[in-house]
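What follows is the content of protein.cif (mmCIF, C-alpha atoms).
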data_input
loop_
_atom_site.group_PDB
_atom_site.id
_atom_site.type_symbol
_atom_site.label_atom_id
_atom_site.label_comp_id
_atom_site.auth_asym_id
_atom_site.auth_seq_id
_atom_site.Cartn_x
_atom_site.Cartn_y
_atom_site.Cartn_z
ATOM 1 C CA MET A 1 51.279 118.944 86.088
ATOM 2 C CA GLU A 2 50.581 115.244 86.454
ATOM 3 C CA THR A 3 48.837 114.426 83.247
ATOM 4 C CA HIS A 4 49.140 111.914 80.501
ATOM 5 C CA ASN A 5 46.857 110.395 77.940
ATOM 6 C CA GLN A 6 45.494 106.914 77.556
ATOM 7 C CA THR A 7 48.192 105.563 75.305
ATOM 8 C CA GLY A 8 51.175 107.827 75.060
ATOM 9 C CA GLY A 9 52.227 108.699 78.566
ATOM 10 C CA TYR A 10 53.671 111.863 79.982
ATOM 11 C CA GLN A 11 55.776 112.853 76.986
ATOM 12 C CA GLU A 12 52.828 113.336 74.650
ATOM 13 C CA ALA A 13 50.887 115.242 77.309
ATOM 14 C CA PHE A 14 53.815 117.560 78.004
ATOM 15 C CA LYS A 15 54.360 118.014 74.272
ATOM 16 C CA ALA A 16 50.693 118.943 73.758
ATOM 17 C CA THR A 17 50.810 121.316 76.741
ATOM 18 C CA GLY A 18 54.009 122.943 75.493
ATOM 19 C CA GLN A 19 52.601 123.383 71.995
ATOM 20 C CA LEU A 20 49.430 124.956 73.398
ATOM 21 C CA MET A 21 51.515 127.409 75.433
ATOM 22 C CA LEU A 22 53.586 128.340 72.380
ATOM 23 C CA TRP A 23 50.489 128.829 70.196
ATOM 24 C CA THR A 24 48.867 130.913 72.947
ATOM 25 C CA LEU A 25 51.936 133.137 73.191
ATOM 26 C CA ALA A 26 52.091 133.412 69.395
ATOM 27 C CA TRP A 27 48.422 134.409 69.218
ATOM 28 C CA VAL A 28 48.850 137.037 71.956
ATOM 29 C CA ALA A 29 51.958 138.386 70.174
ATOM 30 C CA THR A 30 50.181 138.659 66.794
ATOM 31 C CA LEU A 31 47.171 140.253 68.502
ATOM 32 C CA ALA A 32 49.458 142.850 70.053
ATOM 33 C CA LEU A 33 51.083 143.393 66.656
ATOM 34 C CA ALA A 34 47.689 143.940 64.994
ATOM 35 C CA LYS A 35 46.585 146.248 67.816
ATOM 36 C CA PHE A 36 49.706 148.371 68.303
ATOM 37 C CA GLY A 37 51.439 147.968 64.954
ATOM 38 C CA PRO A 38 49.373 150.670 63.199
ATOM 39 C CA ILE A 39 50.270 153.104 65.987
ATOM 40 C CA TYR A 40 53.934 152.391 66.646
ATOM 41 C CA LEU A 41 55.332 150.441 63.681
ATOM 42 C CA TRP A 42 53.802 151.275 60.294
ATOM 43 C CA ASP A 43 51.883 154.499 60.834
ATOM 44 C CA SER A 44 48.391 153.230 59.936
ATOM 45 C CA GLN A 45 49.197 151.812 56.486
ATOM 46 C CA PRO A 46 46.123 149.685 55.589
ATOM 47 C CA ALA A 47 48.087 146.957 53.770
ATOM 48 C CA ALA A 48 50.330 146.364 56.772
ATOM 49 C CA SER A 49 47.360 146.458 59.138
ATOM 50 C CA TRP A 50 45.454 143.909 57.017
ATOM 51 C CA ALA A 51 48.518 141.673 56.927
ATOM 52 C CA ALA A 52 48.802 141.829 60.722
ATOM 53 C CA VAL A 53 45.110 140.981 61.144
ATOM 54 C CA ALA A 54 45.421 138.089 58.665
ATOM 55 C CA LEU A 55 48.480 136.794 60.523
ATOM 56 C CA ASN A 56 46.554 136.984 63.788
ATOM 57 C CA LEU A 57 43.674 134.995 62.250
ATOM 58 C CA VAL A 58 45.989 132.307 60.855
ATOM 59 C CA VAL A 59 47.796 131.936 64.174
ATOM 60 C CA GLY A 60 44.387 131.913 65.881
ATOM 61 C CA VAL A 61 43.357 128.884 63.810
ATOM 62 C CA GLY A 62 46.595 127.184 64.851
ATOM 63 C CA TRP A 63 45.805 128.000 68.467
ATOM 64 C CA ILE A 64 42.339 126.413 68.165
ATOM 65 C CA VAL A 65 43.770 123.250 66.586
ATOM 66 C CA SER A 66 46.462 123.134 69.264
ATOM 67 C CA HIS A 67 43.812 123.404 71.999
ATOM 68 C CA ALA A 68 41.871 120.489 70.492
ATOM 69 C CA ARG A 69 45.073 118.419 70.379
ATOM 70 C CA TYR A 70 45.816 119.406 73.970
ATOM 71 C CA LEU A 71 42.400 118.160 75.114
ATOM 72 C CA ARG A 72 42.929 114.870 73.285
ATOM 73 C CA GLY A 73 46.415 114.468 74.733
ATOM 74 C CA ILE A 74 45.804 115.022 78.431
ATOM 75 C CA ASP A 75 44.694 112.549 81.079
ATOM 76 C CA GLU A 76 40.972 111.700 81.082
ATOM 77 C CA LEU A 77 40.245 113.330 84.455
ATOM 78 C CA GLN A 78 42.064 116.492 83.394
ATOM 79 C CA ARG A 79 40.053 116.422 80.167
ATOM 80 C CA LYS A 80 36.800 116.148 82.150
ATOM 81 C CA ILE A 81 37.789 119.096 84.362
ATOM 82 C CA ASN A 82 38.779 121.132 81.294
ATOM 83 C CA GLN A 83 35.582 120.352 79.415
ATOM 84 C CA ASP A 84 33.421 121.222 82.428
ATOM 85 C CA ALA A 85 35.308 124.509 82.807
ATOM 86 C CA LEU A 86 34.901 125.266 79.096
ATOM 87 C CA ALA A 87 31.161 124.529 79.313
ATOM 88 C CA VAL A 88 30.768 126.939 82.235
ATOM 89 C CA THR A 89 32.849 129.567 80.435
ATOM 90 C CA LEU A 90 30.798 129.238 77.249
ATOM 91 C CA GLY A 91 27.564 129.493 79.225
ATOM 92 C CA VAL A 92 28.677 132.533 81.213
ATOM 93 C CA GLY A 93 29.966 134.212 78.049
ATOM 94 C CA TRP A 94 26.798 133.523 76.098
ATOM 95 C CA VAL A 95 24.404 134.592 78.878
ATOM 96 C CA SER A 96 26.370 137.681 79.941
ATOM 97 C CA ALA A 97 26.851 138.849 76.337
ATOM 98 C CA PHE A 98 23.154 138.661 75.534
ATOM 99 C CA ALA A 99 22.214 140.206 78.889
ATOM 100 C CA TYR A 100 24.548 143.096 78.065
ATOM 101 C CA VAL A 101 23.090 143.454 74.552
ATOM 102 C CA VAL A 102 19.482 143.660 75.732
ATOM 103 C CA ALA A 103 20.377 145.919 78.672
ATOM 104 C CA ASP A 104 22.306 148.210 76.332
ATOM 105 C CA ALA A 105 19.429 148.250 73.821
ATOM 106 C CA ALA A 106 17.063 149.271 76.618
ATOM 107 C CA ASP A 107 19.430 152.117 77.578
ATOM 108 C CA LEU A 108 19.997 150.620 81.008
ATOM 109 C CA ILE A 109 23.782 150.797 80.735
ATOM 110 C CA SER A 110 25.544 154.123 80.484
ATOM 111 C CA TYR A 111 28.995 152.847 79.448
ATOM 112 C CA ASP A 112 30.291 150.794 76.522
ATOM 113 C CA ALA A 113 31.843 147.469 77.482
ATOM 114 C CA GLY A 114 35.024 146.695 75.546
ATOM 115 C CA ILE A 115 35.957 143.316 74.097
ATOM 116 C CA GLY A 116 38.927 143.304 76.474
ATOM 117 C CA GLY A 117 36.599 143.263 79.457
ATOM 118 C CA PHE A 118 34.648 140.385 77.958
ATOM 119 C CA ALA A 119 37.822 138.389 77.306
ATOM 120 C CA THR A 120 38.965 139.042 80.871
ATOM 121 C CA LEU A 121 35.603 137.835 82.196
ATOM 122 C CA LEU A 122 35.911 134.598 80.213
ATOM 123 C CA ALA A 123 39.485 134.042 81.365
ATOM 124 C CA VAL A 124 38.576 134.588 85.027
ATOM 125 C CA VAL A 125 35.525 132.302 84.792
ATOM 126 C CA TYR A 126 37.618 129.589 83.091
ATOM 127 C CA MET A 127 40.307 129.762 85.769
ATOM 128 C CA ILE A 128 37.782 129.658 88.628
ATOM 129 C CA ALA A 129 35.885 126.762 87.015
ATOM 130 C CA THR A 130 39.152 124.858 86.532
ATOM 131 C CA VAL A 131 40.150 125.336 90.174
ATOM 132 C CA VAL A 132 36.664 124.259 91.323
ATOM 133 C CA GLY A 133 36.944 121.179 89.117
ATOM 134 C CA HIS A 134 40.296 120.221 90.642
ATOM 135 C CA LEU A 135 38.864 120.669 94.145
ATOM 136 C CA ARG A 136 35.796 118.598 93.261
ATOM 137 C CA TYR A 137 37.833 115.603 92.114
ATOM 138 C CA ARG A 138 40.580 115.917 94.741
ATOM 139 C CA MET B 1 29.727 103.848 90.530
ATOM 140 C CA LYS B 2 31.216 101.648 93.272
ATOM 141 C CA ASN B 3 34.467 99.796 92.711
ATOM 142 C CA ARG B 4 37.005 97.518 94.392
ATOM 143 C CA LEU B 5 40.025 99.347 93.091
ATOM 144 C CA LYS B 6 41.388 100.404 96.468
ATOM 145 C CA ASP B 7 41.153 96.846 97.857
ATOM 146 C CA LEU B 8 42.677 95.291 94.762
ATOM 147 C CA ARG B 9 45.508 97.796 94.862
ATOM 148 C CA ALA B 10 46.088 97.237 98.590
ATOM 149 C CA GLU B 11 46.259 93.459 98.080
ATOM 150 C CA ARG B 12 49.230 94.028 95.803
ATOM 151 C CA ASN B 13 50.849 96.728 97.954
ATOM 152 C CA TRP B 14 50.707 99.201 95.098
ATOM 153 C CA THR B 15 50.528 102.931 95.579
ATOM 154 C CA GLN B 16 48.080 104.999 93.578
ATOM 155 C CA ALA B 17 51.033 106.209 91.537
ATOM 156 C CA ASP B 18 52.092 102.605 90.805
ATOM 157 C CA LEU B 19 48.628 101.731 89.546
ATOM 158 C CA ALA B 20 48.319 104.976 87.613
ATOM 159 C CA GLN B 21 51.565 104.292 85.784
ATOM 160 C CA GLN B 22 50.493 100.791 84.807
ATOM 161 C CA VAL B 23 47.211 101.919 83.255
ATOM 162 C CA SER B 24 48.540 105.193 81.796
ATOM 163 C CA VAL B 25 46.441 107.670 83.759
ATOM 164 C CA SER B 26 47.343 110.247 86.394
ATOM 165 C CA ARG B 27 47.468 109.493 90.099
ATOM 166 C CA GLN B 28 44.653 111.998 90.595
ATOM 167 C CA THR B 29 42.517 109.946 88.236
ATOM 168 C CA ILE B 30 43.085 106.765 90.267
ATOM 169 C CA ASN B 31 42.305 108.688 93.455
ATOM 170 C CA ALA B 32 39.068 110.080 92.012
ATOM 171 C CA ILE B 33 38.008 106.640 90.730
ATOM 172 C CA GLU B 34 38.702 105.011 94.092
ATOM 173 C CA LYS B 35 36.609 107.627 95.858
ATOM 174 C CA GLY B 36 33.765 107.104 93.385
ATOM 175 C CA LYS B 37 33.962 110.707 92.217
ATOM 176 C CA PHE B 38 34.930 109.879 88.650
ATOM 177 C CA ASP B 39 33.960 107.030 86.352
ATOM 178 C CA PRO B 40 36.817 105.860 84.142
ATOM 179 C CA SER B 41 36.605 105.665 80.391
ATOM 180 C CA LEU B 42 35.926 102.280 78.840
ATOM 181 C CA PRO B 43 39.556 101.858 77.646
ATOM 182 C CA THR B 44 40.816 102.557 81.175
ATOM 183 C CA ALA B 45 38.268 100.152 82.665
ATOM 184 C CA PHE B 46 39.475 97.465 80.244
ATOM 185 C CA ARG B 47 43.109 98.149 81.138
ATOM 186 C CA LEU B 48 42.299 97.861 84.855
ATOM 187 C CA ALA B 49 40.407 94.624 84.295
ATOM 188 C CA LYS B 50 43.284 93.187 82.293
ATOM 189 C CA LEU B 51 45.827 94.277 84.900
ATOM 190 C CA PHE B 52 43.933 92.603 87.763
ATOM 191 C CA ASP B 53 42.926 89.655 85.588
ATOM 192 C CA LEU B 54 39.253 90.271 86.336
ATOM 193 C CA THR B 55 36.207 91.300 84.350
ATOM 194 C CA ILE B 56 35.060 94.914 84.409
ATOM 195 C CA GLU B 57 31.930 93.816 86.291
ATOM 196 C CA GLU B 58 34.101 92.237 88.994
ATOM 197 C CA ILE B 59 35.795 95.586 89.622
ATOM 198 C CA PHE B 60 32.977 98.067 89.025
ATOM 199 C CA GLN B 61 29.418 97.788 90.271
ATOM 200 C CA ASP B 62 26.520 99.990 89.310
ATOM 201 C CA ASP B 63 25.084 101.998 92.218
ATOM 202 C CA GLU B 64 21.520 100.937 91.422
#

Please re-express this file's structure in structure tokens.
Amino acid sequence: METHNQTGGYQEAFKATGQLMLWTLAWVATLALAKFGPIYLWDSQPAASWAAVALNLVVGVGWIVSHARYLRGIDELQRKINQDALAVTLGVGWVSAFAYVVADAADLISYDAGIGGFATLLAVVYMIATVVGHLRYR
Amino acid sequence: MKNRLKDLRAERNWTQADLAQQVSVSRQTINAIEKGKFDPSLPTAFRLAKLFDLTIEEIFQDDE
């Protein structure tokens, strides 16, 4: 990816991108541990489950900080595309979540939506918005 | 925002990548600025002005 920031050049941008990838992988790994650990690893012991959740939260904070550093480190056009995509994703997430809540409260929906479906929706919207942004500024 | 970036670059026989490297942005950023699709940040505008030995106003003109 051809990105670099205003002062540091490619190395800092690649470093920030690499760190974000590592934090993302670490967060996914700790999420999987918290989700499947009680079933396959420690047989539903509450202390171990709480520790896994706490670890996931701590790594999650690191992931958030890493994302902020990533946005500061990349090229200004890439940052604009990313911020636009994040704005669209936040809007879609906010609107769709509340639409689901009110529709569910009015008994219009017969099934329960899982958090996994919501996360998938956000990821898909973010990817589409990012691609659209790249096409817009091509 | 209109700009003379493409002309200034052509006068010096620089590619977009050459110019991008000198002002520490990506080639895509230079391309988007030249096409008027993206307005550069103030630090980048200053770096461009310094590179071409011009004022920012001599490179960028408001549309209005």

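For stretch 40-52 of chain B, the residues within 10 Å (counting all atoms listed in the file, excluding itself and residues fewer than 6 positions away along the chain) are Gln6, Thr7, Glu76 and Leu77 of chain A; Met1, Leu5, Leu8, Arg9, Arg12, Leu19, Ala20, Gln22, Val23, Ser24, Val25, Thr29, Ile30, Ala32, Ile33, Glu58, Ile59 and Phe60 of chain B.
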
Write the residues of the preceding selection, restricted to C-alpha atoms, as a PDB file, in the frame of the given file.
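Full text of part_11.pdb as output:
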ATOM      1  CA  GLN A   6      45.494 106.914  77.556  1.00  0.00           C
ATOM      2  CA  THR A   7      48.192 105.563  75.305  1.00  0.00           C
ATOM      3  CA  GLU A  76      40.972 111.700  81.082  1.00  0.00           C
ATOM      4  CA  LEU A  77      40.245 113.330  84.455  1.00  0.00           C
TER       5      LEU A  77
ATOM      6  CA  MET B   1      29.727 103.848  90.530  1.00  0.00           C
ATOM      7  CA  LEU B   5      40.025  99.347  93.091  1.00  0.00           C
ATOM      8  CA  LEU B   8      42.677  95.291  94.762  1.00  0.00           C
ATOM      9  CA  ARG B   9      45.508  97.796  94.862  1.00  0.00           C
ATOM     10  CA  ARG B  12      49.230  94.028  95.803  1.00  0.00           C
ATOM     11  CA  LEU B  19      48.628 101.731  89.546  1.00  0.00           C
ATOM     12  CA  ALA B  20      48.319 104.976  87.613  1.00  0.00           C
ATOM     13  CA  GLN B  22      50.493 100.791  84.807  1.00  0.00           C
ATOM     14  CA  VAL B  23      47.211 101.919  83.255  1.00  0.00           C
ATOM     15  CA  SER B  24      48.540 105.193  81.796  1.00  0.00           C
ATOM     16  CA  VAL B  25      46.441 107.670  83.759  1.00  0.00           C
ATOM     17  CA  THR B  29      42.517 109.946  88.236  1.00  0.00           C
ATOM     18  CA  ILE B  30      43.085 106.765  90.267  1.00  0.00           C
ATOM     19  CA  ALA B  32      39.068 110.080  92.012  1.00  0.00           C
ATOM     20  CA  ILE B  33      38.008 106.640  90.730  1.00  0.00           C
ATOM     21  CA  GLU B  58      34.101  92.237  88.994  1.00  0.00           C
ATOM     22  CA  ILE B  59      35.795  95.586  89.622  1.00  0.00           C
ATOM     23  CA  PHE B  60      32.977  98.067  89.025  1.00  0.00           C
TER      24      PHE B  60
END

Which residue of B:Gln61, B:Gln16, B:Arg27, B:Ala10 approaches chain A most closely, using only C-alpha atoms =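 Of B:Gln61, B:Gln16, B:Arg27, B:Ala10, the one nearest chain A is B:Arg27, counting only C-alpha atoms.
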
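Using all atoms listed in the file for every distance, the candidate list B:Gln28, B:Asn3, B:Gln21, B:Asn13 yields B:Gln28 as the residue closest to A:Leu135.
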
Item to complete: Within 10 Å of A:Ala123, counting only C-alpha atoms, which residues show up once you throw out same-chain ones fewer than 6 positions away? Write them as an NGL selection string, please.
Response: :A and (89 or 117 or 129)

So for stretch 42-56 of chain B, what box centre and size do we get, axis-aligned, 5 Å extra on each of the six sides, every listed atom, Å to one decimal, as JSON?
{"center_x": 40.4, "center_y": 96.1, "center_z": 82.7, "size_x": 20.8, "size_y": 22.9, "size_z": 20.1}

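Residue membership of the PyMOL selection byres ((chain A and resi 86) around 10) in the shown file amounts to Lys80, Ile81, Asn82, Gln83, Asp84, Ala85, Ala87, Val88, Thr89, Leu90, Gly91, Val92, Leu122, Val125, Tyr126, Met127, Ala129 and Thr130 of chain A.
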
What separation in Å, quoted to one decimal, exists between atom CA of A:Ile39 and atom CA of A:Met21?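 We find that atom CA of A:Ile39 and atom CA of A:Met21 lie 27.4 Å from each other.
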
- Item | Pick from A:Leu55, A:Val132, A:Ile74, A:Val101 nearest to chain B, counting all atoms listed in the file |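 Of A:Leu55, A:Val132, A:Ile74, A:Val101, the one nearest chain B is A:Ile74, counting all atoms listed in the file.
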
Worksheet item: Where does the PyMOL selection byres ((chain A and resi 73) around 7) land in this file, that is, which residues does it pick, as a list in words?
Response: His4, Asn5, Glu12, Ala13, Ala16, Arg69, Tyr70, Leu71, Arg72, Ile74 and Asp75 of chain A

Running the PyMOL selection byres ((chain A and resi 53) around 12) on this model by hand, what would come out? Give it as a PyMOL selection string. chain A and resi 27+29-38+46-52+54-60

Would you compute the distance between atom CA of A:Gly116 and atom CA of A:Tyr40? Give it in Å to one decimal.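 Interatomic distance here is 20.1 Å.
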
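Closest approach to chain A among B:Asp63, B:Trp14, B:Ile56, B:Lys37 is made by B:Lys37 (distances from all atoms listed in the file).
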
Counting all atoms listed in the file, the residue of B:Glu34, B:Asp62, B:Asp53, B:Ser26 that sits nearest B:Asp7: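 For B:Asp7, the nearest of the candidates is B:Glu34.
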